[in-house]
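Colleague: One structure is given below, represented as structure tokens, and several questions about it will come after.
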Amino acid sequence: MRPLSTLLVVVLLMVVGNKAGGCPAGTLPTAPVYPTSILADSLTPSVSSANPLTTGHWSEKSNLAAYRPPAATIEANPAQTNCPHKATGLLNWHDASTWPSGSVPSSGANVTIPSGKSVLISSCSVKSTDVFGLITVPYGTSLIFDDANISFAAIGFSVNGSMLAGSETCRLRSKLTITLHGKRGERDPTVTWVKGISVTGTIDIHGVQYFPTWTRLAMTAKPNSTIIFVQDIVNWQPGQRIVITTTELKDARDWHRNEERTIVSVKKTKLGATVSAIELDSPLSYQHFGGKEYQAEVSLLSRNIVIQGDAVNSLPTDAANSTCYDVKTPGSTYPCQNSWLTGFGGHVIVHTAGSQGRFSGVELQRVGQTNVLGRYPLHFHLIGNVTGQNYANHYVRDSAVHDSYFRCYAIHGTQGVKFTQNTAYNVIGHCYFLEDGVEENNEISYNQAAHIHPLGPFQNPSNQEIVNADNFYGQTLAYYTEGPGLLLPSDMSAGCFYITNTFNHIFGNAASGGWAGFAIPSLPLPVKFFKDVIDMVPANRPFASPFRGNSAHSSGYWWQSAGSIYVGGELTHRSDGVLQYTAGRSTSRDTCSDPTAGSKAPGASGGCWDLAKQVWLNFTDNKVFLSNRGMQNWGNRANIERLELHDVSLAMNIFGKVWIDNLLMECRTRNNNITFFNGCKQAPIEGGKDWGNCNVRDYTFFRGFGGFQWYDVGQQHILTDSTFRNCRADWERCSNGASHVCNNVAVFTSLTHSDQFVPEQMQITSGIKYENVSDLWRYSTSLSAPTGVTVSGRLQNWYDADGSASQLGVRTQIGSARANEWWKTNSKCQYYIDAYRCPMNPLDAAASVIVRTSTYASDEAKIGSGLCANGHSGNILCPVLAQASHFGSTNETAGLSVAVNGKMTGPLIAGSGGWFIRYTKGTPKTLTFSSVQVAMNNTLLLALPYPAGTKFTIYNKGATWCSPSWGYCRKDYTAVSSVAAVRSAFGDAYFWDEKNLILYLRLVQTNDSFGSVGDKSYNNSAPWKPQEPRDQFKRKGQTLISPATPSSIVIEASCSADPCAPQASARVPAAFPLPGYVSNIPTATPSSSPSS
């Protein structure tokens, strides 16, 4: 037994050495600093072409280095100012006098902080085994954590006052762990504090700064490696956990190649001033690619402040036997949809107007409550518009969420939140989450997410036993509704970043895994809590600043059209209020500067009809790799600059008016360690001649690939200064059934499957470079297919402004060779893979028009169903009604076969001057020409045969809603005495050549403003005067004009029968060259090889 004097000394020392609370004063840890020791030469690998070094987040086109977070100043003992735990007047939790009851709260008790007081929790305030009930922090009170090693546990916190652990300028260095306890079903989860921290006041939690929070490999990390090299000097510490992300195509719970490891040491290297070496606690099991083309991310999971769910009741109880096998292809697996639905972790919610939440250096694990609304790891909820605070009071910085059972970082009904430099790993449902579509003016920057798990039957499009609207190769997918196992149906396409409203700042982020890396669905109106908001259309909002410097990989696996950057899917409420979602094609997006355009607000326009308000989604400096499709954009207007893609099956499929500039598409890289058939358990031997017993999603990457896809109708694409690399059909890893050669490999693919949807002039290229490619282009259907020659196959074309895509080196028209010789414009044309590539006269151009008839109106009504189908099997016909020939042609069979579809697209040959159209059974009595696409400075004459004595009424006709008060709704044509007079007029004259039985008129595109044939307010010009169409798409000196709709040109003939009697004696008119025409077609010599 100690003498009394000794005990008194000990007590005195404790009092003297303690803070105000009487707890022992521990030594404050130093802050983690950058390493100073250098890796030994014997452990430093040599750099070679086979083992390259990548530094500075280098990227050939995307310039990702420009989108790294600002450098941080890291000090061992940084100044700590404005520290809540150093404030005066604090009461100690462990002091009985603090509490009105006169006793310190015991484990299990509900605790309310005394009114008007600030209570400090120190290292000796609670035992690590204590688990308190509800902690209530009333308005005007504060609960403060000391900078000391503390473990605090409770069933929940209700914070109306302040909960403080450090401040922005006083980042705590000690270990603080807050554990939230509770079991699913034990309490009402709709109560915000249940197993959570519910804040309607202020919360500040600030741990040590680790910088950067994530980086990329500087070298490929090989199996059995215990040292990895990264592209940044990091102040990460021994004992911390990291994850090295996969560099495979598939990333799912049933099969993935992400690896968690513990740090043994971090050292500088002699490889470069910015290269660190990280020693791991155990060897890697898999390869993680780190070549010049792309590199796996390495992210830090550990922080010194931890908020977590308890280790017993948080974990899912349904995680066993969670791998399912396809029925028809049992070698392929997928995560079972009825598993991993019971996770019940902790959560933090900052909610209601006036609340504030600031977090930095926080780790959250075993968090999120699967399919419980609003119970997400970190959640800003219904705070309103706080953009005026410049992100000062609502942010999450350099934090980590991992092992989350529902989401990561969420913003709901709030504007002005900042998520920056955070990481996330192993998460169920959408991760970075904008909830209902009203969330705008937030910043999501420099974050990283990996291994994100969709919910619901997301595998359906590829499961071959499923027979419904889902199809791996289709564009549309079935609608799914909310329910007990799928609270938010869009979680079927869970993305690392889920953006329901694009009017936000999104830059510098990295996405690995997920159904999509960046999921950007269309919301025609806000949903759920904000479903009654009718004055905005989230789907129509532009980005608040360009979507820039982001990367995505190892996603887009579950459906052929699922891009790693995916602008698609639609989330809406049914008429009965039930929320429904399709991950498939949605064309409801109409990007507009007016947020009310297309909304249900009184007086709102039905769409973004005002051309001055039409804006573009801007994508700049982004990168995608390891994906079936790099980017899928079902939108209507976009600028895509410096997009870099590697190891993808198709660079992109895009809708609308889109400019793509400085694209780099590398079909296949040096990364030959992508697992064959994506881990299918019954894959064939690599190099074999079959596909094994594997699902299409597993083998499609090894079957074929392409660079860029031209669509079949209604698009305008300008592709400039872009490079295609390593796109070869003889890729050594191809496995295509009976052959070792990749199927359907080409730089450009033109869709040719449809008789219903067929092209006008839609695409322009210039500045195209090829590096090690085989075929330049291909058509999506073969002539031997059941569809045979389709209308889209006859009309596919594009304008190669400088001859770089065709490799002729001169201005070139590329057009289908399936339309006889319709696209063969001169003797210098060259045939190449289903098309003619023709050097152009300076006056050559192209045009398009749709013709509807009185004779075949009943057949035209069947287009898309009984006749002229889209993607049919060959059983639905699209009968040919007419033949179109160029003036001067001596062989009408060499011209264009015009089908019931009525679309005619073709070249305007300067030396020819026009098109002659002969209907097999005679010219219909009434013809209506619509969707006219002819540039103002181009001249297209049409000629049609009629019987002698025919009289004509010809006029421009506006839409049914056209009003003479603001537009020209009709303009009658005048008869003139020569073809030359028709040409010199501007769409208001015709010539009836009675002698040769041919009617001539000039096809002119009016400005077609709002359904009129001429807008009186536009240049004060009548429609029959030269005027540029209003709707033009111009980029880098190239122009595409939109067809004029819905105005039309009508020919009414006085024939006694319908159709008019055929006129076999009427011949194709002689060539009628354009004024100034000189026969000077440039001579072009194509490269001997497609590669240049």
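Please note that chains go A, B, ... in the order of the structure tokens, that every chain numbers its residues from 1, and that ligands are numbered from 1 in the order shown.
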Within 7 Å of stretch 586-601 of chain A, counting only C-alpha atoms, which residues show up once you throw out same-chain ones fewer than 3 positions away? Write them as an mmCIF file with N, CA and C atoms, in the first residue's frame, please.

Modeller:
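out06.cif, written as the output of this step:
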```cif
data_model
loop_
_atom_site.group_PDB
_atom_site.id
_atom_site.type_symbol
_atom_site.label_atom_id
_atom_site.label_comp_id
_atom_site.auth_asym_id
_atom_site.auth_seq_id
_atom_site.Cartn_x
_atom_site.Cartn_y
_atom_site.Cartn_z
ATOM 1 N N SER A 522 -32.020 11.967 -67.360
ATOM 2 C CA SER A 522 -32.955 13.047 -67.699
ATOM 3 C C SER A 522 -34.106 13.042 -66.706
ATOM 4 N N PRO A 524 -37.473 15.129 -66.605
ATOM 5 C CA PRO A 524 -38.327 16.149 -67.235
ATOM 6 C C PRO A 524 -38.875 17.149 -66.221
ATOM 7 N N ILE A 534 -42.950 22.927 -60.757
ATOM 8 C CA ILE A 534 -43.319 22.841 -62.175
ATOM 9 C C ILE A 534 -42.624 23.883 -63.038
ATOM 10 N N ASP A 535 -41.789 24.728 -62.439
ATOM 11 C CA ASP A 535 -41.224 25.833 -63.214
ATOM 12 C C ASP A 535 -39.773 25.615 -63.611
ATOM 13 N N MET A 536 -39.317 24.360 -63.598
ATOM 14 C CA MET A 536 -37.971 24.082 -64.075
ATOM 15 C C MET A 536 -37.910 22.676 -64.648
ATOM 16 N N VAL A 537 -36.999 22.465 -65.593
ATOM 17 C CA VAL A 537 -36.774 21.160 -66.204
ATOM 18 C C VAL A 537 -35.310 20.787 -65.961
ATOM 19 N N ALA A 539 -33.578 18.315 -66.778
ATOM 20 C CA ALA A 539 -32.922 17.729 -67.949
ATOM 21 C C ALA A 539 -32.441 18.778 -68.940
ATOM 22 N N ASN A 540 -32.970 19.975 -68.860
ATOM 23 C CA ASN A 540 -32.618 21.006 -69.834
ATOM 24 C C ASN A 540 -31.530 21.953 -69.349
ATOM 25 N N ARG A 541 -31.018 21.731 -68.168
ATOM 26 C CA ARG A 541 -30.049 22.670 -67.629
ATOM 27 C C ARG A 541 -28.650 22.392 -68.189
ATOM 28 N N PRO A 542 -27.893 23.423 -68.506
ATOM 29 C CA PRO A 542 -26.501 23.228 -68.921
ATOM 30 C C PRO A 542 -25.618 23.011 -67.697
ATOM 31 N N GLY A 568 -28.056 9.770 -70.096
ATOM 32 C CA GLY A 568 -29.184 8.969 -70.550
ATOM 33 C C GLY A 568 -29.955 8.408 -69.377
ATOM 34 N N GLY A 569 -30.998 7.663 -69.712
ATOM 35 C CA GLY A 569 -31.922 7.203 -68.702
ATOM 36 C C GLY A 569 -32.921 8.302 -68.372
ATOM 37 N N GLU A 570 -34.051 7.917 -67.832
ATOM 38 C CA GLU A 570 -35.079 8.913 -67.499
ATOM 39 C C GLU A 570 -35.778 8.521 -66.201
ATOM 40 N N ALA A 604 -44.863 29.150 -69.960
ATOM 41 C CA ALA A 604 -43.585 28.586 -70.411
ATOM 42 C C ALA A 604 -43.728 28.018 -71.809
ATOM 43 N N SER A 605 -42.672 28.142 -72.594
ATOM 44 C CA SER A 605 -42.683 27.571 -73.935
ATOM 45 C C SER A 605 -42.633 26.057 -73.833
ATOM 46 N N GLY A 606 -43.098 25.392 -74.875
ATOM 47 C CA GLY A 606 -43.120 23.936 -74.869
ATOM 48 C C GLY A 606 -41.753 23.301 -74.993
ATOM 49 N N GLY A 607 -40.758 24.093 -75.310
ATOM 50 C CA GLY A 607 -39.393 23.608 -75.445
ATOM 51 C C GLY A 607 -38.472 24.793 -75.629
ATOM 52 N N CYS A 608 -37.203 24.513 -75.817
ATOM 53 C CA CYS A 608 -36.238 25.597 -76.013
ATOM 54 C C CYS A 608 -36.250 25.996 -77.486
ATOM 55 N N LYS A 613 -31.560 31.018 -76.952
ATOM 56 C CA LYS A 613 -31.480 30.424 -75.616
ATOM 57 C C LYS A 613 -30.964 28.989 -75.647
ATOM 58 N N GLN A 614 -30.771 28.444 -76.820
ATOM 59 C CA GLN A 614 -30.238 27.092 -76.920
ATOM 60 C C GLN A 614 -28.750 27.106 -76.567
ATOM 61 N N VAL A 615 -28.360 26.266 -75.643
ATOM 62 C CA VAL A 615 -26.968 26.203 -75.204
ATOM 63 C C VAL A 615 -26.503 24.754 -75.279
ATOM 64 N N TRP A 616 -25.223 24.563 -75.033
ATOM 65 C CA TRP A 616 -24.594 23.258 -75.202
ATOM 66 C C TRP A 616 -24.062 22.738 -73.874
ATOM 67 N N TRP A 634 -27.442 10.774 -74.971
ATOM 68 C CA TRP A 634 -28.740 10.855 -75.639
ATOM 69 C C TRP A 634 -29.269 12.281 -75.626
ATOM 70 N N GLY A 635 -28.420 13.251 -75.398
ATOM 71 C CA GLY A 635 -28.858 14.646 -75.334
ATOM 72 C C GLY A 635 -29.070 15.239 -76.710
ATOM 73 N N ASN A 636 -29.081 16.564 -76.778
ATOM 74 C CA ASN A 636 -29.343 17.180 -78.081
ATOM 75 C C ASN A 636 -28.324 18.229 -78.491
ATOM 76 N N ARG A 637 -27.493 18.685 -77.559
ATOM 77 C CA ARG A 637 -26.454 19.656 -77.931
ATOM 78 C C ARG A 637 -25.260 19.471 -76.992
#
```

Colleague: Please identify all polymer residues within 9 Å of stretch 622-629 of chain A, counting only C-alpha atoms, omitting same-chain residues fewer than 6 positions from it, and present them as an NGL selection string.

Modeller: :A and (59 or 61-64 or 247-250 or 293-294 or 508 or 547-565 or 640-653 or 674 or 697 or 700-701 or 705)

Colleague: Between atom CA of A:Pro52 and atom CA of A:Phe518, measure the distance and give it in Å to one decimal.

Modeller: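 That distance, rounded to one decimal, is 29.3 Å.
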
Colleague: If we count only C-alpha atoms and set the cut-off at 12 Å, which residues sit around A:Thr920, ignoring sequence neighbours fewer than 6 positions away in its own chain? Please answer as a compact mmCIF listing (two decimals) with N, CA and C atoms, in the first residue's frame.

Modeller:
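Final file, around_33.txt:
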```
# COMPACT_ATOMS: atom_id res chain seq x y z
N THR A 855 -50.77 9.67 -103.85
CA THR A 855 -50.99 8.32 -104.36
C THR A 855 -50.72 7.25 -103.31
N PRO A 879 -41.12 -0.75 -100.12
CA PRO A 879 -41.14 -0.79 -101.59
C PRO A 879 -40.56 0.46 -102.24
N VAL A 880 -39.91 0.26 -103.34
CA VAL A 880 -39.36 1.35 -104.13
C VAL A 880 -40.44 1.90 -105.04
N LEU A 881 -40.62 3.22 -105.01
CA LEU A 881 -41.66 3.88 -105.80
C LEU A 881 -41.10 4.65 -106.98
N ALA A 882 -39.85 5.08 -106.87
CA ALA A 882 -39.32 5.99 -107.88
C ALA A 882 -37.82 5.81 -108.00
N GLN A 883 -37.28 6.42 -109.05
CA GLN A 883 -35.84 6.43 -109.27
C GLN A 883 -35.41 7.87 -109.46
N ALA A 884 -34.36 8.27 -108.75
CA ALA A 884 -33.82 9.62 -108.90
C ALA A 884 -32.50 9.54 -109.64
N GLU A 892 -30.74 5.53 -115.97
CA GLU A 892 -31.56 5.80 -114.80
C GLU A 892 -31.44 4.73 -113.73
N THR A 893 -31.07 3.52 -114.10
CA THR A 893 -30.92 2.45 -113.11
C THR A 893 -29.71 2.66 -112.22
N SER A 897 -32.75 4.64 -105.68
CA SER A 897 -34.07 4.04 -105.53
C SER A 897 -34.80 4.75 -104.39
N VAL A 898 -35.92 5.39 -104.72
CA VAL A 898 -36.69 6.16 -103.73
C VAL A 898 -37.83 5.29 -103.22
N ALA A 899 -37.84 5.03 -101.92
CA ALA A 899 -38.81 4.11 -101.34
C ALA A 899 -40.01 4.85 -100.77
N LEU A 944 -39.56 16.68 -112.75
CA LEU A 944 -40.48 15.56 -112.70
C LEU A 944 -41.31 15.51 -113.98
N PRO A 945 -41.58 14.33 -114.51
CA PRO A 945 -42.38 14.21 -115.74
C PRO A 945 -43.88 14.22 -115.46
N PRO A 1059 -51.96 8.08 -109.65
CA PRO A 1059 -50.97 9.05 -110.13
C PRO A 1059 -51.26 9.49 -111.56
N CYS A 1060 -50.56 10.55 -111.92
CA CYS A 1060 -50.63 10.98 -113.30
C CYS A 1060 -50.07 9.89 -114.20
N ALA A 1061 -50.50 9.91 -115.45
CA ALA A 1061 -50.04 8.88 -116.38
C ALA A 1061 -48.52 8.96 -116.53
N PRO A 1062 -47.85 7.80 -116.52
CA PRO A 1062 -46.40 7.82 -116.70
C PRO A 1062 -46.00 8.31 -118.08
N GLN A 1063 -44.87 8.95 -118.13
CA GLN A 1063 -44.40 9.55 -119.38
C GLN A 1063 -43.06 8.93 -119.76
N ALA A 1064 -43.14 7.83 -120.48
CA ALA A 1064 -41.92 7.12 -120.86
C ALA A 1064 -41.05 7.94 -121.79
```

Colleague: Considering only C-alpha atoms, return as a list in words whatever protein or nucleic-acid residues lie within 10 Å of stretch 33-41 of chain A, sequence-local ones (same chain, fewer than 5 positions apart) excluded.

Modeller: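 These residues fall inside the cut-off: Ser46, Thr73, Ile74, Glu75, Ala76, Asn77, Gln209, Tyr210, Phe211, Ile233, Val234, Asn235, Trp236, Gln237, Ser265, Val266, Lys267, Lys268, Thr269, Lys270, Leu271, Ser276, Ala277, Ile278 and Glu279 of chain A.
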
Colleague: May I ask which of the residues A:Val438, A:Val851, A:Val367, A:Leu280 is the closest one to A:His379, counting only C-alpha atoms?

Modeller: A:Val367

Colleague: Pick out the residues sitting within 12 Å of A:Phe677, and hand them over as a count of residues only; count only C-alpha atoms, and ignore anything fewer than 6 positions along from it in its own chain.

Modeller: 31

Colleague: In terms of the shortest atom-to-atom distance over only C-alpha atoms, which of A:Ile850, A:Ile155, A:Leu176, A:Cys124 is closest to A:Ala25?

Modeller: A:Cys124

Colleague: Taking the DSSP secondary structure from the backbone, can you list the residues of stretch 681-850 of chain A that are alpha helix (DSSP H), as an NGL selection string?

Modeller: :A and (696-699 or 791-795)

Colleague: Please provide as a PyMOL selection string all residues within 8 Å of A:Leu53, with the sequence filter that same-chain residues fewer than 6 positions apart are discarded (counting only C-alpha atoms).

Modeller: chain A and resi 47+218-219+291-292

Colleague: How would the residues just picked look written out with all heavy atoms as a PDB file, in the first residue's frame?

Modeller:
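What landed in result14.pdb:
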```
ATOM      1  N   VAL A  47      13.513   2.063 -65.584  1.00  0.00           N
ATOM      2  CA  VAL A  47      12.477   2.540 -66.500  1.00  0.00           C
ATOM      3  C   VAL A  47      12.845   2.121 -67.913  1.00  0.00           C
ATOM      4  O   VAL A  47      13.994   2.273 -68.342  1.00  0.00           O
ATOM      5  CB  VAL A  47      12.338   4.069 -66.410  1.00  0.00           C
ATOM      6  CG1 VAL A  47      11.319   4.578 -67.409  1.00  0.00           C
ATOM      7  CG2 VAL A  47      11.950   4.470 -64.995  1.00  0.00           C
ATOM      8  N   ALA A 218       2.349   5.434 -60.948  1.00  0.00           N
ATOM      9  CA  ALA A 218       3.383   5.950 -61.856  1.00  0.00           C
ATOM     10  C   ALA A 218       3.969   4.837 -62.704  1.00  0.00           C
ATOM     11  O   ALA A 218       4.602   5.108 -63.733  1.00  0.00           O
ATOM     12  CB  ALA A 218       4.497   6.628 -61.058  1.00  0.00           C
ATOM     13  N   MET A 219       3.764   3.612 -62.286  1.00  0.00           N
ATOM     14  CA  MET A 219       4.218   2.424 -63.016  1.00  0.00           C
ATOM     15  C   MET A 219       3.187   1.323 -62.827  1.00  0.00           C
ATOM     16  O   MET A 219       2.452   1.311 -61.835  1.00  0.00           O
ATOM     17  CB  MET A 219       5.573   1.926 -62.488  1.00  0.00           C
ATOM     18  CG  MET A 219       6.777   2.683 -62.938  1.00  0.00           C
ATOM     19  SD  MET A 219       8.268   1.897 -62.264  1.00  0.00           S
ATOM     20  CE  MET A 219       9.508   2.620 -63.337  1.00  0.00           C
ATOM     21  N   GLY A 291       0.466   2.417 -67.257  1.00  0.00           N
ATOM     22  CA  GLY A 291       1.216   2.840 -68.428  1.00  0.00           C
ATOM     23  C   GLY A 291       0.927   4.275 -68.809  1.00  0.00           C
ATOM     24  O   GLY A 291       0.170   4.987 -68.131  1.00  0.00           O
ATOM     25  N   LYS A 292       1.495   4.707 -69.923  1.00  0.00           N
ATOM     26  CA  LYS A 292       1.274   6.078 -70.388  1.00  0.00           C
ATOM     27  C   LYS A 292      -0.192   6.325 -70.722  1.00  0.00           C
ATOM     28  O   LYS A 292      -0.694   7.441 -70.580  1.00  0.00           O
ATOM     29  CB  LYS A 292       2.136   6.358 -71.625  1.00  0.00           C
ATOM     30  CG  LYS A 292       3.631   6.435 -71.358  1.00  0.00           C
ATOM     31  CD  LYS A 292       3.990   7.726 -70.647  1.00  0.00           C
ATOM     32  CE  LYS A 292       5.482   7.902 -70.525  1.00  0.00           C
ATOM     33  NZ  LYS A 292       5.845   9.135 -69.795  1.00  0.00           N
TER      34      LYS A 292
END
```

Colleague: Determine, counting only C-alpha atoms, which protein, DNA and RNA residues have an atom within 8 Å of an atom of stretch 1075-1080 of chain A; residues of the same chain fewer than 2 positions away are not included. Present the result as a list of chain:residue names.

Modeller: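 That gives A:Asn841, A:Leu843, A:Ala910, A:Gly911, A:Pro1073, A:Pro1082.
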
Colleague: In Å, with one decimal, what is the gap from atom CA of A:Leu795 to atom CA of A:Gly656?

Modeller: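 That distance, rounded to one decimal, is 18.7 Å.
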
Colleague: Which residue gives the smallest distance to A:Asn426 among A:Arg173, A:Arg725, A:His453, A:Lys957, with only C-alpha atoms counted?

Modeller: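 The shortest atom-to-atom distance to A:Asn426 comes from A:His453.
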
Colleague: One decimal, Å: what's the distance from atom CA of A:Tyr67 over to atom CA of A:Tyr432, could you say?

Modeller: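 Interatomic distance here is 18.4 Å.
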
Colleague: Give the strand (DSSP E or B) residues of stretch 588-801 of chain A, as DSSP finds them on the backbone, and put them as a ChimeraX atom specification.

Modeller: /A:592,614,617-620,623-633,637-641,644-654,657-661,664-666,706-710,716-720,723-727,736,739,746-750,754,763-766,769-773,777-779,797-800
